[in-house]
Amino acid sequence: MGLLSTELRWAYVNAAFLSTTGLDPARVLSRPVAATPFAADLAVIRRVLADGNPQEAVDGAEAASVTATATGWQVRYRRLEVDGRAAGVVVAVTGTATRHQRQLDQARRRLALQRAAAARIGTTLDVDITCIELAELTVPAMADLAIVEVMPYEVANRGHGSGGGFGTGSAHGTDSAHGTGTGTGSAHSSSPAPASGADPRRETPRMRRAALACAPDLRRWLGPLALTGISTRPAAGSAVARSLAEGRLVVANLLSDEELAERAHNADTLAAYRAAGIGSILAVPLRARGQVVGVLTLARGRGASEGFTDDDAVLIQDLADRAAVSVENARQYADSQSVTLELQRALLIEPGRPHSNLEVAARYLPSGNRALVGGDWYEIIRLPFGRTLLVMGDVMGHGVEAAVDMSIYRSAIRDVGSMDLPPHGILRHLDTLIAQDESARPATCLLAVADPNRGRWTFASAGHLPPALFAPDRPTELVAIPTGPPLGTGLGGYERVIVDLDPDQVLLIYTDGLVERRGEDIDVSLARLASLPLPGTGALEDLLDDALRRVAPAAIEDDIAILAARATPR
């Protein structure tokens with residue numbers, strides 16, 4: 001039995017430990033794990049000390065306890081806790097590991113890491129979060145340092161990684177000057193020929209460093225390498241450049257200082273590697289659907305192990321393939337959402353302009369969750385005799401389809417509005433028109449006709465939230481309007497309501513993203529709006545700012561469209 005401190009130095013070993021391992025106390029006590037024969041299990045020990053996640057216990061044992069055989073002994077590691085905090089690692093050597101035990105242990109480790117990868121990589125459709133998940137999974141389980149870099153979307157789409165200098169072969173091999181250091185004589189013992197047309201010395205495209213993870217004791221040595229989000233270009237001949245050029249995993253083990261300089265990514269990386277004592281490097285392209293979308297670089301310290309083994313390479317390749325699909329999914333999703341957002345912004349750039357007798361201000365705020373970009377919209381249409389039609393609509397659903405349907409509604413209401421029908425007649429006509437298109441999504445809609453010359457508002461609603469009227473020294477009024485069914489149902493049944501239009505009065509119309517809260521009844525949400533003492537005087541833009549600050553949720557979960565209108569003095 002032995003005990004490691006939280007700094008992973010040997011604090012205690014008993015006589016049975018020494019007799020089983022044949023080690024001299026002077027070779028163990030007070031020395032770091034990396035400087036003893038247990039260095040081969042350093043990644044396992046760090047994982048046990050860090051989290052003891054039961055899902056990563058390679059033998060299915062209880063939390064914080066794993067069995068390893070890489071040292072040649074069968075060893076069990078368990079985190080020691082005092083008052084709920086990690087105080088060290090208990091090490092139990094139970095005997096010499098047989099070949100079968102070592103093979104079984106390797107299979108269990110691979111299965112545990114694959115299981116963890118399935119659960120922890122790709123939990124969101126965010127590129128950077130996916131890269132962080134990959135980096136954090138590999139440290140300390142597979143390496144002391146992990147760096148994930150991604151190709152710009154346009155670079156990957158131009159074909160880098162699909163052939164030529166950026167091959168698509170699936171083989172993995174070592175640097176031509178080095179084997180794995182394991183003496184296994186496997187596929188790593190020589191360097192396979194590069195993919196057809198590959199030139200490892202050619203200039204590689206710039207990439208963005210999306211994520212970095214490292215052992216805690218290495219962080220202070222990394223310097224500029226620790227910065228993420230920056231643009232990088234790997235030097236010709238570096239491990240990263242070779243892996244991209246040859247389209248495969250590349251390993252460089254037990255490097256001398258000169259060899260490290262040749263295989264390092266760039267000058268900053270080399271300085272960090274030297275300071276951190278890095279001795280072995282592995283680089284593997286992240287390839288999905290025939291395109292290289294990035295590269296994963298792993299590094300190990302000189303005293304931590306004998307380098308990356310054949311089993312390591314197989315497992316890391318599997319992790320890279322899994323992660324690459326998640327990264328590509330996130331990239332494509334982000335691209336489609338960007339298109340959706342730009343489409344909606346373009347459609348909302350130029351609403352109509354009111355008559356000079358009406359002042360209008362409007363805003364559109366996309367949700368913080370880009371998955372919810374969709375169909376909120378507003379419109380302003382001039383009618384004869386100094387009247388102005390104000391429209392607020394919300395297409396059901398989100399995404400590109402909702403934004404496209406929103407443009408259809410907006411075009412239709414411009415056409416129908418020019419017919420000079422009353423608001424409820426416009427809704428009836430729109431409902432019949434949209435219902436004929438089976439693919440169109442239903443939408444809520446509120447119409448308000450401002451007629452300052454006659455001093456009145458005329459409203460009609462198709463399933464939309466009520467408008468609010470603000471005036472100085474008067475409580476906020478939520479106008480009660482008979483709510484007809486949403487547009488597109490073909491049911492009709494819309495009614496109009498006429499309300500006095502006072503010169504000092506401000507009308508506020510909006511979509512549900514302004515007032516709704518998850519898990520809250522809509523009546524409570526509307527009561528919050530009605531209780532606001534918003535001023536009827538001052539600039540309408542200031543009133544919108546005030547309404548958004550007081551009513552809108554801190555984290556916008558849905559799109560918000562909001563419009564304020566007030567008659568101008570004669």
# chains A, B, ... in the order shown; residues from 1 in each chain; ligands from 1

$ select_by_dssp --residues "region 448-499 of chain A" --states "strand (DSSP E or B)" --output "compact mmCIF listing (two decimals) with C-alpha atoms, in the first residue's frame"
# COMPACT_ATOMS: atom_id res chain seq x y z
CA ALA A 448 -53.79 48.87 -35.43
CA VAL A 449 -55.06 51.64 -37.71
CA ALA A 450 -54.04 55.06 -36.43
CA ASP A 451 -56.35 57.89 -37.50
CA ARG A 456 -59.27 57.06 -32.96
CA TRP A 457 -57.48 53.69 -33.02
CA THR A 458 -59.05 50.70 -34.73
CA PHE A 459 -57.74 47.28 -33.67
CA ALA A 460 -58.20 43.67 -34.74
CA SER A 461 -56.34 40.59 -33.49
CA ALA A 462 -55.59 37.12 -34.82
CA GLY A 463 -54.48 35.34 -31.66
CA ALA A 468 -50.87 48.67 -24.39
CA LEU A 469 -51.72 52.37 -24.19
CA PHE A 470 -49.59 54.67 -22.04
CA ALA A 471 -50.47 58.25 -21.08
CA ARG A 474 -52.99 57.52 -16.12
CA PRO A 475 -52.63 53.78 -15.55
CA THR A 476 -51.48 51.62 -18.42
CA GLU A 477 -54.39 50.20 -20.40
CA LEU A 478 -54.25 46.77 -22.04
CA THR A 483 -59.03 37.37 -30.11
CA GLY A 484 -59.66 35.48 -33.30
CA LEU A 487 -53.87 33.39 -39.51
CA ARG A 496 -62.65 45.16 -34.63
CA VAL A 497 -62.44 47.44 -31.62
CA ILE A 498 -62.37 51.24 -31.79
CA VAL A 499 -60.59 53.23 -29.05

$ select_by_dssp --residues "region 256-485 of chain A" --states "helix (DSSP H, G or I)" --output "JSON, numbers by chain"
{"A": [257, 258, 259, 260, 261, 262, 263, 267, 268, 269, 270, 271, 272, 273, 274, 275, 276, 310, 311, 312, 313, 314, 315, 316, 317, 318, 319, 320, 321, 322, 323, 324, 325, 326, 327, 328, 329, 330, 331, 332, 333, 334, 335, 336, 337, 338, 339, 340, 341, 342, 343, 344, 345, 346, 347, 370, 371, 372, 400, 401, 402, 403, 404, 405, 406, 407, 408, 409, 410, 411, 412, 413, 414, 415, 416, 417, 423, 424, 425, 426, 427, 428, 429, 430, 431, 432, 433, 434, 435]}

$ atom_distance --atom1 "CA of Pro224 (chain A)" --atom2 "CA of Ala320 (chain A)"
24.8 Å

$ residues_around --residues "Ile522 (chain A)" --least-positions-apart "6" --cutoff "10 Å" --atoms "only C-alpha atoms" --output "MDAnalysis selection string"
chainID A and resid 465 512 515:516 528

$ closest_residue --among "A:Ala226, A:Ala288, A:Ile560, A:Val295" --to "Arg242 (chain A)" --atoms "only C-alpha atoms"
A:Val295

$ atom_distance --atom1 "CA of Asp405 (chain A)" --atom2 "CA of Pro442 (chain A)"
9.0 Å

$ residues_around --residues "Arg220 (chain A)" --least-positions-apart "6" --cutoff "10 Å" --atoms "only C-alpha atoms" --output "PyMOL selection string"
chain A and resi 226+272+275-276
